[in-house]
>>> print(open('model_23.cif').read())   # mmCIF, C-alpha atoms
data_model
#
loop_
_atom_site.label_atom_id
_atom_site.label_comp_id
_atom_site.auth_asym_id
_atom_site.auth_seq_id
_atom_site.Cartn_x
_atom_site.Cartn_y
_atom_site.Cartn_z
CA MET A 1 57.36 135.60 -104.56
CA LYS A 2 58.25 135.83 -108.21
CA GLU A 3 57.15 133.14 -110.58
CA HIS A 4 60.07 131.65 -112.42
CA ASP A 5 59.54 129.41 -115.34
CA SER A 6 61.97 127.06 -116.98
CA GLY A 7 60.32 127.67 -120.33
CA ILE A 8 58.55 125.21 -122.58
CA GLY A 9 61.80 124.01 -124.20
CA THR A 10 63.18 122.89 -120.83
CA TYR A 11 59.95 121.04 -120.01
CA ILE A 12 60.18 119.09 -123.26
CA VAL A 13 63.84 118.21 -122.59
CA VAL A 14 63.01 117.06 -119.04
CA TRP A 15 60.14 114.98 -120.40
CA GLY A 16 62.50 113.42 -122.97
CA ALA A 17 65.02 112.59 -120.24
CA LEU A 18 62.28 110.95 -118.15
CA ILE A 19 61.20 108.79 -121.10
CA VAL A 20 64.80 107.75 -121.85
CA LEU A 21 65.42 106.90 -118.17
CA THR A 22 62.22 104.79 -118.14
CA ALA A 23 63.48 102.90 -121.21
CA VAL A 24 66.87 102.38 -119.53
CA THR A 25 65.41 101.08 -116.25
CA VAL A 26 63.11 98.66 -118.11
CA SER A 27 66.01 97.41 -120.29
CA VAL A 28 68.31 96.92 -117.30
CA SER A 29 65.61 94.87 -115.56
CA TYR A 30 66.00 92.16 -118.23
CA VAL A 31 69.68 91.79 -117.34
CA SER A 32 70.41 89.81 -114.20
CA LEU A 33 72.78 91.77 -111.98
CA GLY A 34 71.75 90.33 -108.63
CA LEU A 35 71.48 92.94 -105.91
CA MET A 36 72.74 95.60 -108.33
CA ASN A 37 69.35 95.44 -110.11
CA VAL A 38 67.70 97.01 -107.06
CA VAL A 39 70.43 99.60 -106.69
CA VAL A 40 70.26 100.64 -110.35
CA ALA A 41 66.43 100.73 -110.35
CA LEU A 42 66.32 102.92 -107.22
CA LEU A 43 69.09 105.16 -108.51
CA ILE A 44 67.28 105.77 -111.82
CA ALA A 45 63.95 106.29 -110.01
CA SER A 46 65.60 108.89 -107.77
CA VAL A 47 67.09 110.75 -110.73
CA LYS A 48 63.62 110.79 -112.34
CA ALA A 49 61.99 111.95 -109.10
CA SER A 50 64.57 114.75 -108.77
CA LEU A 51 63.90 115.91 -112.35
CA VAL A 52 60.14 116.04 -111.68
CA ALA A 53 60.60 117.89 -108.38
CA LEU A 54 63.21 120.37 -109.64
CA PHE A 55 61.63 121.30 -112.98
CA PHE A 56 57.97 120.28 -113.14
CA MET A 57 57.34 121.19 -109.49
CA HIS A 58 59.51 124.32 -109.79
CA LEU A 59 61.55 123.43 -106.71
CA ARG A 60 64.58 124.93 -108.46
CA TYR A 61 63.10 128.37 -108.08
CA GLU A 62 61.57 128.00 -104.62
CA SER A 63 62.78 129.56 -101.37
CA ARG A 64 64.82 127.70 -98.76
CA LEU A 65 61.69 127.49 -96.64
CA VAL A 66 59.85 125.50 -99.32
CA TRP A 67 62.93 123.28 -99.77
CA GLY A 68 62.80 122.56 -96.05
CA PHE A 69 59.13 121.59 -96.30
CA ALA A 70 59.86 119.38 -99.30
CA LEU A 71 62.88 117.56 -97.83
CA THR A 72 61.65 116.98 -94.26
CA PRO A 73 59.35 114.04 -95.17
CA ILE A 74 62.29 112.24 -96.84
CA PHE A 75 64.16 112.39 -93.53
CA PHE A 76 61.15 110.91 -91.73
CA LEU A 77 60.71 108.23 -94.40
CA VAL A 78 64.33 107.13 -93.92
CA LEU A 79 63.82 107.24 -90.15
CA ILE A 80 60.72 104.99 -90.33
CA ILE A 81 62.35 102.44 -92.62
CA ALA A 82 65.71 102.39 -90.83
CA GLY A 83 64.06 102.34 -87.41
CA THR A 84 61.81 99.41 -88.31
CA LEU A 85 64.69 97.51 -89.93
CA SER A 86 66.85 97.98 -86.85
CA ASP A 87 64.19 95.92 -85.07
CA THR A 88 63.18 93.28 -87.64
CA LEU A 89 66.72 92.55 -88.87
CA PHE A 90 68.10 91.72 -85.43
CA ARG A 91 65.33 89.68 -83.85
CA MET B 1 47.08 139.38 -96.92
CA ASP B 2 48.80 140.51 -100.09
CA PRO B 3 48.65 138.13 -103.08
CA ALA B 4 52.31 137.14 -102.98
CA THR B 5 52.08 136.15 -99.30
CA ALA B 6 48.86 134.25 -99.97
CA ARG B 7 50.55 132.33 -102.76
CA GLU B 8 53.55 131.47 -100.62
CA ALA B 9 51.25 130.27 -97.83
CA ALA B 10 49.37 128.07 -100.30
CA THR B 11 52.65 126.63 -101.61
CA LEU B 12 53.81 125.75 -98.08
CA GLY B 13 50.36 124.30 -97.41
CA ILE B 14 50.44 121.88 -100.33
CA TRP B 15 54.04 120.82 -99.59
CA THR B 16 52.99 120.11 -95.98
CA PHE B 17 50.09 118.02 -97.26
CA LEU B 18 52.45 116.19 -99.63
CA ALA B 19 54.72 115.46 -96.65
CA THR B 20 51.82 113.63 -94.95
CA GLU B 21 51.22 111.79 -98.22
CA VAL B 22 54.86 110.63 -98.33
CA LEU B 23 54.39 109.15 -94.87
CA LEU B 24 51.04 107.58 -95.81
CA PHE B 25 52.76 105.68 -98.63
CA GLY B 26 55.85 105.39 -96.39
CA GLY B 27 54.16 102.87 -94.10
CA LEU B 28 53.46 100.59 -97.05
CA PHE B 29 56.95 101.11 -98.48
CA THR B 30 58.36 100.09 -95.09
CA ALA B 31 56.25 96.91 -95.18
CA TYR B 32 57.58 96.29 -98.69
CA VAL B 33 61.22 96.58 -97.56
CA ILE B 34 60.75 94.35 -94.50
CA PHE B 35 58.94 91.57 -96.36
CA ARG B 36 61.17 91.74 -99.40
CA ILE B 37 64.15 91.03 -97.15
CA GLN B 38 62.21 88.26 -95.38
CA TYR B 39 60.80 86.54 -98.50
CA PRO B 40 63.15 87.28 -101.43
CA GLN B 41 62.07 84.14 -103.32
CA MET B 42 58.34 85.05 -103.16
CA PHE B 43 59.00 88.60 -104.34
CA TYR B 44 61.18 87.36 -107.18
CA GLU B 45 58.69 84.77 -108.45
CA ASP B 46 55.63 86.98 -108.04
CA HIS B 47 57.05 90.09 -109.70
CA LEU B 48 57.49 88.04 -112.89
CA LYS B 49 53.69 87.56 -112.94
CA LEU B 50 53.14 91.31 -113.39
CA ASN B 51 52.86 92.74 -116.89
CA ARG B 52 56.09 94.71 -117.32
CA VAL B 53 55.05 96.16 -120.68
CA LEU B 54 51.73 97.55 -119.39
CA GLY B 55 53.52 98.93 -116.33
CA ALA B 56 56.04 100.68 -118.57
CA VAL B 57 53.30 102.07 -120.84
CA ASN B 58 51.52 103.44 -117.78
CA THR B 59 54.76 105.07 -116.62
CA VAL B 60 55.05 106.85 -119.96
CA VAL B 61 51.36 107.89 -119.73
CA LEU B 62 51.84 109.44 -116.26
CA ILE B 63 55.08 111.19 -117.25
CA GLY B 64 53.20 112.63 -120.23
CA SER B 65 50.43 113.87 -117.95
CA SER B 66 53.02 115.59 -115.76
CA LEU B 67 54.33 117.38 -118.83
CA THR B 68 50.85 118.55 -119.88
CA VAL B 69 50.18 119.93 -116.37
CA ALA B 70 53.51 121.77 -116.41
CA LEU B 71 52.70 123.21 -119.86
CA GLY B 72 49.22 124.21 -118.62
CA ILE B 73 50.73 126.13 -115.71
CA ALA B 74 53.24 127.78 -118.06
CA ALA B 75 50.27 128.82 -120.22
CA ILE B 76 48.19 130.41 -117.46
CA ARG B 77 51.27 132.24 -116.15
CA LYS B 78 51.10 134.07 -119.46
CA GLY B 79 47.34 134.45 -119.15
CA LYS B 80 46.46 131.91 -121.84
CA VAL B 81 43.23 130.42 -120.44
CA THR B 82 42.19 128.44 -123.53
CA LEU B 83 45.60 126.78 -123.71
CA LEU B 84 45.41 125.97 -119.99
CA ARG B 85 42.03 124.29 -120.49
CA PHE B 86 43.38 122.29 -123.43
CA TYR B 87 46.31 120.98 -121.39
CA LEU B 88 44.12 120.22 -118.37
CA PHE B 89 41.73 118.27 -120.59
CA LEU B 90 44.68 116.34 -122.02
CA THR B 91 45.98 115.61 -118.51
CA ILE B 92 42.62 114.23 -117.36
CA LEU B 93 42.44 112.11 -120.53
CA LEU B 94 45.90 110.66 -119.77
CA ALA B 95 44.87 110.02 -116.16
CA ALA B 96 41.81 108.11 -117.39
CA THR B 97 44.07 106.12 -119.76
CA PHE B 98 46.27 105.21 -116.80
CA LEU B 99 43.28 103.93 -114.81
CA GLY B 100 41.96 102.07 -117.87
CA ILE B 101 45.27 100.20 -118.24
CA LYS B 102 45.30 99.56 -114.49
CA TYR B 103 41.80 98.07 -114.83
CA VAL B 104 43.02 95.73 -117.61
CA GLU B 105 45.93 94.65 -115.38
CA TYR B 106 43.71 94.02 -112.34
CA THR B 107 41.26 92.00 -114.47
CA GLU B 108 44.14 89.92 -115.83
CA LYS B 109 45.44 89.25 -112.32
CA PHE B 110 42.02 88.27 -110.95
CA SER B 111 41.36 85.96 -113.91
CA HIS B 112 44.59 84.14 -113.02
CA GLY B 113 43.40 83.79 -109.45
CA LEU B 114 45.82 86.44 -108.15
CA SER B 115 44.14 88.64 -105.55
CA PRO B 116 45.13 90.68 -102.49
CA GLY B 117 44.70 87.47 -100.49
CA THR B 118 47.15 85.43 -102.58
CA ASP B 119 50.27 86.22 -100.59
CA ILE B 120 52.21 89.12 -99.06
CA PHE B 121 53.59 90.32 -102.40
CA PHE B 122 50.18 90.61 -104.04
CA SER B 123 48.74 92.05 -100.85
CA LEU B 124 51.32 94.84 -101.11
CA TYR B 125 50.90 95.14 -104.87
CA PHE B 126 47.15 95.71 -104.63
CA MET B 127 47.42 97.98 -101.57
CA LEU B 128 50.14 100.19 -103.11
CA THR B 129 48.68 100.41 -106.61
CA GLY B 130 45.13 100.69 -105.20
CA LEU B 131 46.08 103.57 -102.89
CA HIS B 132 47.93 105.18 -105.78
CA GLY B 133 44.86 104.66 -108.02
CA ILE B 134 42.70 106.49 -105.48
CA HIS B 135 45.19 109.35 -105.67
CA VAL B 136 44.88 109.38 -109.46
CA LEU B 137 41.10 109.64 -109.07
CA ALA B 138 41.47 112.48 -106.54
CA GLY B 139 43.87 114.23 -108.92
CA MET B 140 41.35 113.93 -111.75
CA GLY B 141 38.75 115.46 -109.44
CA ALA B 142 41.03 118.37 -108.52
CA LEU B 143 42.15 119.02 -112.10
CA GLY B 144 38.56 118.64 -113.32
CA THR B 145 37.44 121.30 -110.85
CA VAL B 146 40.22 123.62 -111.99
CA LEU B 147 39.27 122.96 -115.63
CA PHE B 148 35.64 123.84 -114.84
CA LEU B 149 36.59 127.01 -112.94
CA ALA B 150 39.01 128.04 -115.70
CA GLY B 151 36.05 127.83 -118.08
CA ARG B 152 34.19 130.28 -115.87
CA GLY B 153 37.08 132.73 -116.12
CA LYS B 154 38.39 132.38 -112.56
CA TYR B 155 42.06 132.31 -113.50
CA SER B 156 44.29 134.87 -115.10
CA GLU B 157 47.93 135.87 -115.49
CA THR B 158 47.81 137.50 -112.05
CA TYR B 159 45.74 134.91 -110.16
CA HIS B 160 46.03 131.15 -110.71
CA THR B 161 47.16 129.71 -107.37
CA PRO B 162 44.68 126.75 -107.47
CA VAL B 163 46.14 125.71 -110.84
CA GLU B 164 49.66 125.67 -109.37
CA ILE B 165 48.56 123.82 -106.22
CA SER B 166 46.61 121.07 -107.97
CA GLY B 167 49.50 120.79 -110.44
CA LEU B 168 51.91 120.10 -107.55
CA TYR B 169 49.54 117.42 -106.27
CA TRP B 170 49.44 115.81 -109.71
CA HIS B 171 53.24 115.76 -110.01
CA PHE B 172 53.34 114.04 -106.63
CA VAL B 173 51.04 111.28 -107.92
CA ASP B 174 53.55 110.85 -110.77
CA LEU B 175 56.45 110.77 -108.27
CA VAL B 176 54.88 107.92 -106.29
CA TRP B 177 54.45 105.89 -109.47
CA ILE B 178 58.08 106.54 -110.47
CA TYR B 179 59.05 104.48 -107.40
CA LEU B 180 56.17 101.98 -107.48
CA PHE B 181 56.88 100.87 -111.04
CA PRO B 182 60.47 99.63 -110.57
CA LEU B 183 59.85 98.27 -107.05
CA LEU B 184 56.85 96.15 -108.05
CA TYR B 185 57.36 95.38 -111.75
CA LEU B 186 61.10 95.42 -112.29
CA VAL B 187 62.94 94.18 -109.23
CA GLY B 188 60.25 92.53 -107.10
#
>>> encode(input="model_23.cif", output="structure tokens")
Amino acid sequence: MKEHDSGIGTYIVVWGALIVLTAVTVSVSYVSLGLMNVVVALLIASVKASLVALFFMHLRYESRLVWGFALTPIFFLVLIIAGTLSDTLFR
Amino acid sequence: MDPATAREAATLGIWTFLATEVLLFGGLFTAYVIFRIQYPQMFYEDHLKLNRVLGAVNTVVLIGSSLTVALGIAAIRKGKVTLLRFYLFLTILLAATFLGIKYVEYTEKFSHGLSPGTDIFFSLYFMLTGLHGIHVLAGMGALGTVLFLAGRGKYSETYHTPVEISGLYWHFVDLVWIYLFPLLYLVG
């Protein structure tokens, strides 16, 4: 397996984006949007998580096999939460 | 086993471990979702009692530590051991800063009579941040070991798998916090 690197410049840009997104999510939290607050917060968190995984964790350059290993737990996480909700919501 | 195969096996190994970690935190996240739906008023009122500014500062600290780890790995991939050790040292320093701020927050909560026994929200807050804190400690241990071994000349341009693996673990600790911060501090 070859080691690909995004280069130091890319790391700095990704870091900058993460800082800006943190500032945005904190600012938005002071505005009352009702349920949209949760949606926006989770959306921004997921963009940040994707940036970390793709660039810092080098997922961009990994094989399909590694992608499979990385994405499987997300499927199970959704399954656990959705499965439990399907019980507690309809009692 | 040839080195490339060994490295791929190690990469799959750490991602498998991280999958179990997702599910470890997943149980608590599930509890969070269920109770947030059940007690929206409690979650709303309690989340205002957390220190949003300190939470945000800690987010910036952890993101910075992720950058230093990434830069450290980039350095050792070019065989720069001294630079790797510098970045690892910086990362551990940032990790300690994170825990220091967390300590200040916990002290503040306890002095206001807010403890894990207060209600479900604070129960979840202390469980989630406590479990995450333990992971920060473990990460410091792993990175500290790598820093020590780098000083003894164990890593080079051709062999540095442990640096990559502990780096992936550290980024995961950052990932968990990226979700914990908004869920606990911002939207309650």
>>> resolve_selection(input="model_23.cif", expression="the PyMOL selection byres ((chain B and resi 93) around 12)", output="list in words")
Val61, Leu62, Gly64, Ser65, Thr68, Val69, Phe86, Tyr87, Leu88, Phe89, Leu90, Thr91, Ile92, Leu94, Ala95, Ala96, Thr97, Phe98, Leu99, Gly100, Val136, Leu137, Gly139, Met140, Leu143 and Gly144 of chain B
>>> residues_around(input="model_23.cif", residues="Tyr30 in chain A", least_positions_apart="4", cutoff="12 Å", atoms="all atoms listed in the file", output="MDAnalysis selection string")
(chainID A and resid 23:26 34 37 41) or (chainID B and resid 48 52:53 185:187)
>>> resolve_selection(input="model_23.cif", expression="the PyMOL selection byres ((chain B and resi 28-41) around 7)", output="PyMOL selection string")
(chain A and resi 81+85) or (chain B and resi 25-27+42-45+124+128)
>>> resolve_selection(input="model_23.cif", expression="the PyMOL selection byres ((chain A) within 7 of (chain B))", output="compact mmCIF listing (two decimals) with C-alpha atoms, in the coordinates of the input")
# COMPACT_ATOMS: atom_id res chain seq x y z
CA MET A 1 57.36 135.60 -104.56
CA ILE A 8 58.55 125.21 -122.58
CA TYR A 11 59.95 121.04 -120.01
CA TRP A 15 60.14 114.98 -120.40
CA ILE A 19 61.20 108.79 -121.10
CA VAL A 26 63.11 98.66 -118.11
CA SER A 29 65.61 94.87 -115.56
CA ASN A 37 69.35 95.44 -110.11
CA VAL A 38 67.70 97.01 -107.06
CA ALA A 41 66.43 100.73 -110.35
CA ALA A 45 63.95 106.29 -110.01
CA ALA A 49 61.99 111.95 -109.10
CA PHE A 56 57.97 120.28 -113.14
CA MET A 57 57.34 121.19 -109.49
CA VAL A 66 59.85 125.50 -99.32
CA PHE A 69 59.13 121.59 -96.30
CA ALA A 70 59.86 119.38 -99.30
CA PRO A 73 59.35 114.04 -95.17
CA LEU A 77 60.71 108.23 -94.40
CA ILE A 81 62.35 102.44 -92.62
CA LEU A 85 64.69 97.51 -89.93
>>> atom_distance(input="model_23.cif", atom1="CA of Val78 in chain A", atom2="CA of Tyr125 in chain B")
21.1 Å
>>> atom_distance(input="model_23.cif", atom1="CA of Val104 in chain B", atom2="CA of Gly141 in chain B")
21.8 Å
>>> closest_residue(input="model_23.cif", among="A:Ile80, A:Val47, A:Leu18, A:Leu71", to="Leu59 in chain A", atoms="only C-alpha atoms")
A:Leu71
>>> atom_distance(input="model_23.cif", atom1="CA of Lys78 in chain B", atom2="CA of Gly7 in chain A")
11.3 Å
>>> closest_residue(input="model_23.cif", among="B:Leu147, B:Leu50, B:Leu83, B:Ala138", to="Tyr106 in chain B", atoms="only C-alpha atoms")
B:Leu50
>>> axis_aligned_box(input="model_23.cif", around="range 34-46 of chain A", padding_each_side="6 Å", output="lines of an AutoDock Vina configuration file")
center_x = 68.3
center_y = 99.6
center_z = -108.9
size_x = 20.8
size_y = 30.6
size_z = 17.9
>>> residues_around(input="model_23.cif", residues="Lys48 in chain A", least_positions_apart="4", cutoff="9 Å", atoms="only C-alpha atoms", output="ChimeraX atom specification")
/A:17-18,21-22,43-44,52-53 /B:175,178
>>> closest_residue(input="model_23.cif", among="B:Ile134, B:His47, B:Val81, B:Val146", to="Asp119 in chain B", atoms="only C-alpha atoms")
B:His47
>>> residues_near_point(input="model_23.cif", point="(41.4, 131.3, -113.6)", cutoff="9 Å", atoms="all atoms listed in the file", output="list of chain:residue names")
B:Ile76, B:Gly79, B:Val81, B:Val146, B:Leu147, B:Leu149, B:Ala150, B:Gly151, B:Arg152, B:Gly153, B:Lys154, B:Tyr155, B:Ser156, B:Glu157, B:Tyr159, B:His160, B:Thr161, B:Pro162, B:Val163
>>> decode(input="model_23.cif", residues="range 49-73 of chain B", atoms="N, CA and C atoms", output="compact mmCIF listing (two decimals), in the first residue's frame")
# COMPACT_ATOMS: atom_id res chain seq x y z
N LYS B 49 -26.81 25.48 31.49
CA LYS B 49 -25.92 25.55 32.67
C LYS B 49 -24.48 25.16 32.32
N LEU B 50 -24.27 24.63 31.12
CA LEU B 50 -22.89 24.29 30.72
C LEU B 50 -22.20 25.54 30.17
N ASN B 51 -20.88 25.56 30.31
CA ASN B 51 -20.10 26.71 29.87
C ASN B 51 -19.76 26.58 28.37
N ARG B 52 -20.55 27.29 27.55
CA ARG B 52 -20.42 27.18 26.10
C ARG B 52 -19.05 27.64 25.61
N VAL B 53 -18.53 28.70 26.26
CA VAL B 53 -17.25 29.25 25.83
C VAL B 53 -16.11 28.24 26.09
N LEU B 54 -16.09 27.67 27.30
CA LEU B 54 -15.04 26.68 27.60
C LEU B 54 -15.17 25.46 26.68
N GLY B 55 -16.39 25.06 26.39
CA GLY B 55 -16.62 23.93 25.49
C GLY B 55 -16.06 24.23 24.10
N ALA B 56 -16.30 25.48 23.64
CA ALA B 56 -15.81 25.88 22.32
C ALA B 56 -14.28 25.94 22.30
N VAL B 57 -13.70 26.49 23.37
CA VAL B 57 -12.24 26.57 23.46
C VAL B 57 -11.65 25.15 23.41
N ASN B 58 -12.27 24.22 24.14
CA ASN B 58 -11.77 22.86 24.13
C ASN B 58 -11.90 22.20 22.76
N THR B 59 -12.94 22.58 22.01
CA THR B 59 -13.09 22.06 20.65
C THR B 59 -11.92 22.53 19.79
N VAL B 60 -11.59 23.80 19.91
CA VAL B 60 -10.47 24.36 19.14
C VAL B 60 -9.15 23.68 19.55
N VAL B 61 -8.99 23.42 20.87
CA VAL B 61 -7.78 22.75 21.36
C VAL B 61 -7.65 21.35 20.74
N LEU B 62 -8.75 20.59 20.73
CA LEU B 62 -8.69 19.22 20.18
C LEU B 62 -8.46 19.23 18.67
N ILE B 63 -9.10 20.16 17.97
CA ILE B 63 -8.89 20.26 16.52
C ILE B 63 -7.42 20.57 16.24
N GLY B 64 -6.85 21.46 17.07
CA GLY B 64 -5.43 21.79 16.92
C GLY B 64 -4.55 20.58 17.14
N SER B 65 -4.93 19.74 18.12
CA SER B 65 -4.12 18.55 18.41
C SER B 65 -4.21 17.53 17.27
N SER B 66 -5.35 17.53 16.58
CA SER B 66 -5.50 16.64 15.42
C SER B 66 -4.56 17.10 14.31
N LEU B 67 -4.47 18.42 14.15
CA LEU B 67 -3.57 18.97 13.12
C LEU B 67 -2.12 18.60 13.44
N THR B 68 -1.71 18.76 14.72
CA THR B 68 -0.31 18.48 15.05
C THR B 68 0.03 17.00 14.83
N VAL B 69 -0.93 16.10 15.12
CA VAL B 69 -0.69 14.68 14.86
C VAL B 69 -0.52 14.44 13.36
N ALA B 70 -1.42 15.05 12.57
CA ALA B 70 -1.34 14.88 11.12
C ALA B 70 -0.01 15.39 10.59
N LEU B 71 0.44 16.53 11.11
CA LEU B 71 1.73 17.10 10.68
C LEU B 71 2.88 16.20 11.12
N GLY B 72 2.76 15.60 12.31
CA GLY B 72 3.79 14.68 12.81
C GLY B 72 3.94 13.47 11.89
N ILE B 73 2.79 12.93 11.46
CA ILE B 73 2.82 11.77 10.56
C ILE B 73 3.42 12.16 9.21
